[in-house]
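Okay, structure first, notes after.
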Amino acid sequence: MNTEKISGLQLFYLMAGYVLGTAIILGLGLNSKQDAWIFILVGMSCSFILMAVFTQLVAYYPGDSLVEMLPKIIGKFLSYPFILLYIMHFTYSAARASRELGDLIVTTILSETPIFVVIASFMVLMIYCLRGGVETFARMAEIVFPIYIFSLILIWILLFSVDQFDIKNLTPILGNGLMPVLKEAVPVAINFPFGETIVIMMLFPYLSNKKHARRIGMSFILVGGLLLTVNSIMMISVLGPEIYNRDIFSLLSATQMVSVADFLERFDALVILMMVAGVFFKVGAFTFAAAVGISQLLRLKQTRSVCLGLGSIIPPLSLVTASSFVEHIELGFNYYVTYVHTLLQIILPILFLCIAFIRKKWGQR
């Protein structure tokens with residue numbers, strides 16, 4: 001299955017867009033208010049260590065995905081529960097990202113359209129792309145990501161024209177000290193969105209030059225983190241810390257305030273297109289990782305039929321897990337990100353690395 005190959009630049013584009021993904025939609029560090037940008041920087045800094053863990057595991061088992069290396073680390077039979085956990089994690093995370101996109105679209109531009117129709121239509125396009133393989137998905141990222149970044153920078157420039165823009169909204173910096181921000185940031189800022197980059201361990205086997213794995217991993221963490229930091233600073237400067245704290249779709253709200261000479265307005269449509277592109281990266285990576293995991297677990301020779309099956313599961317799953325968007329957010333950040341992400345994206349990878357290190361040292365002796 002690993003005959004397909006993608007370049008380092010394609011993987012960088014794909015994963016940088018993945019990091020931005022739903023984090024651009026939802027905003028980060030809402031409870032930190034004017035210190036939200038520090039919240040993001042703390043999460044980004046800690047995630048460098050996490051990426052070092054991921055890439056070191058890849059260095060120990062080159063050419064293997066996470067699903068393929070687990071039996072070599074902890075044994076064949078003991079690895080099955082963990083493999084199933086990660087497959088369910090990837091599938092549920094794809095469903096969560098789809099739900100967030102669906103609620104955004106229904107709330108803003110398609111208020112009369114059932115949310116299931118929006119999510120299902122998006123998944124049809126997603127599965128159509130993924131059935132072409134990882135090379136097709138990576139080429140899409142190579143085309144979409146530069147346009148995505150250009151649009152984001154254009155929106156930031158336009159935000160300077162908003163009358164309410166005031167950089168003083170960022171003060172007082174650390175008014176209550178550093179500890180409240182650290183308590184908010186650890187582990188939430190590490191887990192979302194940076195810790196979710198564990199999905200790259202399912203994509204590294206397709207990388208054409210695996211020597212650059214760590215460099216690529218650190219690069220997209222840095223670029224994605226800095227873009228999210230700047231975006232947070234812009235949102236707080238326009239909306240103020242109190243509105244930023246309460247508004248889930250802060251980028252959309254800020255962009256709706258743009259009016260250049262009472263002529264250039266309604267840039268919120270551009271923001272929605274950007275958010276669709278960001279969710280495309282995220283849902284695509286999660287769905288492909290789950291499909292590859294299932295194929296490798298069941299020893300299938302292809303992932304197309306698995307992608308089709310996942311495409312039929314994810315839309316209903318995105319709706320049955322929460323009755324409303326508020327419940328969806330509360331379930332995600334209060335429980336799933338805090339506990340499940342911590343286990344699957346921080347504790348277990350570090351444990352696997354320790355076992356792999358001992359195995360390598362024991363094997364050398």
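Note on naming: chains are A, B, ... as they come in the structure tokens, residues start from 1 per chain, ligands start from 1 in the order shown.
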Write out as JSON lines the residues of region 261-313 of chain A that have any atom within 9 Å of an atom of region 129-135 of chain A, one row each with the nearest atom pair and its distance in Å to one decimal, counting only C-alpha atoms, sorted by chain and then rising number.
```
{"residue": "A:Gly284", "atom": "CA", "partner": "A:Leu130", "partner_atom": "CA", "distance": 7.2}
{"residue": "A:Thr287", "atom": "CA", "partner": "A:Leu130", "partner_atom": "CA", "distance": 8.4}
{"residue": "A:Phe288", "atom": "CA", "partner": "A:Leu130", "partner_atom": "CA", "distance": 6.9}
{"residue": "A:Thr303", "atom": "CA", "partner": "A:Arg131", "partner_atom": "CA", "distance": 7.6}
{"residue": "A:Arg304", "atom": "CA", "partner": "A:Arg131", "partner_atom": "CA", "distance": 5.0}
{"residue": "A:Ser305", "atom": "CA", "partner": "A:Arg131", "partner_atom": "CA", "distance": 8.2}
{"residue": "A:Cys307", "atom": "CA", "partner": "A:Arg131", "partner_atom": "CA", "distance": 6.8}
{"residue": "A:Leu308", "atom": "CA", "partner": "A:Arg131", "partner_atom": "CA", "distance": 7.9}
```
Give me, as a tab-separated table, the closest atom pair and its distance (Å, one decimal) for every residue of region 18-112 of chain A within a cut-off of 12 Å of region 172-182 of chain A, counting only C-alpha atoms, rows sorted by chain and rising number.
```
residue	atom	partner	partner_atom	distance
A:Gly29	CA	A:Val181	CA	8.6
A:Leu30	CA	A:Val181	CA	10.8
A:Asn31	CA	A:Val181	CA	8.8
A:Ser32	CA	A:Val181	CA	6.2
A:Lys33	CA	A:Val181	CA	9.6
A:Gln34	CA	A:Ile173	CA	7.1
A:Asp35	CA	A:Ile173	CA	6.3
A:Ala36	CA	A:Val181	CA	8.1
A:Trp37	CA	A:Val181	CA	10.0
A:Ile38	CA	A:Val181	CA	7.5
A:Phe39	CA	A:Val181	CA	6.0
A:Ile40	CA	A:Val181	CA	9.8
A:Leu41	CA	A:Leu182	CA	10.5
A:Val42	CA	A:Leu182	CA	7.4
A:Gly43	CA	A:Leu182	CA	9.2
A:Ser45	CA	A:Leu182	CA	12.0
A:Cys46	CA	A:Leu182	CA	11.2
```
Between region 46-140 of chain A and region 214-234 of chain A, at 9 Å or less, what are the per-residue closest atom pairs and their distances in Å? Count only C-alpha atoms, order by chain and rising residue number, and return it as CSV.
```
residue,atom,partner,partner_atom,distance
A:Ser47,CA,A:Ile221,CA,7.5
A:Phe48,CA,A:Met218,CA,6.4
A:Met51,CA,A:Gly217,CA,6.4
A:Ala52,CA,A:Arg214,CA,7.0
A:Phe54,CA,A:Arg214,CA,8.7
A:Thr55,CA,A:Arg214,CA,5.6
A:Gln56,CA,A:Arg214,CA,8.1
```
Based on the selection just made, write N, CA, C and O atoms of those residues as a PDB file, in the first residue's frame.
```pdb
ATOM      1  N   SER A  47       4.476  21.368  22.251  1.00  0.00           N
ATOM      2  CA  SER A  47       4.224  20.392  21.191  1.00  0.00           C
ATOM      3  C   SER A  47       5.484  20.052  20.409  1.00  0.00           C
ATOM      4  O   SER A  47       5.528  19.021  19.727  1.00  0.00           O
ATOM      5  N   PHE A  48       6.521  20.899  20.479  1.00  0.00           N
ATOM      6  CA  PHE A  48       7.793  20.546  19.854  1.00  0.00           C
ATOM      7  C   PHE A  48       8.355  19.268  20.480  1.00  0.00           C
ATOM      8  O   PHE A  48       8.911  18.414  19.793  1.00  0.00           O
ATOM      9  N   MET A  51       6.296  16.394  19.159  1.00  0.00           N
ATOM     10  CA  MET A  51       6.676  16.044  17.790  1.00  0.00           C
ATOM     11  C   MET A  51       8.009  15.289  17.770  1.00  0.00           C
ATOM     12  O   MET A  51       8.218  14.392  16.942  1.00  0.00           O
ATOM     13  N   ALA A  52       8.915  15.644  18.687  1.00  0.00           N
ATOM     14  CA  ALA A  52      10.183  14.915  18.792  1.00  0.00           C
ATOM     15  C   ALA A  52       9.928  13.454  19.175  1.00  0.00           C
ATOM     16  O   ALA A  52      10.615  12.541  18.687  1.00  0.00           O
ATOM     17  N   PHE A  54       7.115  11.742  18.427  1.00  0.00           N
ATOM     18  CA  PHE A  54       6.541  11.092  17.236  1.00  0.00           C
ATOM     19  C   PHE A  54       7.625  10.734  16.226  1.00  0.00           C
ATOM     20  O   PHE A  54       7.669   9.613  15.703  1.00  0.00           O
ATOM     21  N   THR A  55       8.495  11.697  15.939  1.00  0.00           N
ATOM     22  CA  THR A  55       9.508  11.472  14.898  1.00  0.00           C
ATOM     23  C   THR A  55      10.585  10.491  15.357  1.00  0.00           C
ATOM     24  O   THR A  55      11.177   9.802  14.523  1.00  0.00           O
ATOM     25  N   GLN A  56      10.832  10.418  16.666  1.00  0.00           N
ATOM     26  CA  GLN A  56      11.805   9.439  17.143  1.00  0.00           C
ATOM     27  C   GLN A  56      11.260   8.023  17.004  1.00  0.00           C
ATOM     28  O   GLN A  56      12.009   7.091  16.656  1.00  0.00           O
TER      29      GLN A  56
END
```
What's the 10 Å shell around region 60-75 of chain A, counting only C-alpha atoms, without same-chain residues fewer than 6 positions away, as a VMD selection string? chain A and resid 2 54 82 to 84 86 to 87 198 to 207 210 to 211 289 to 290 292 to 297 349 352 to 360
Looking at A:Leu344, A:Ile272, A:Leu239, A:Ile314, which one is nearest to Arg96 (chain A), with distances taken over only C-alpha atoms? A:Ile314
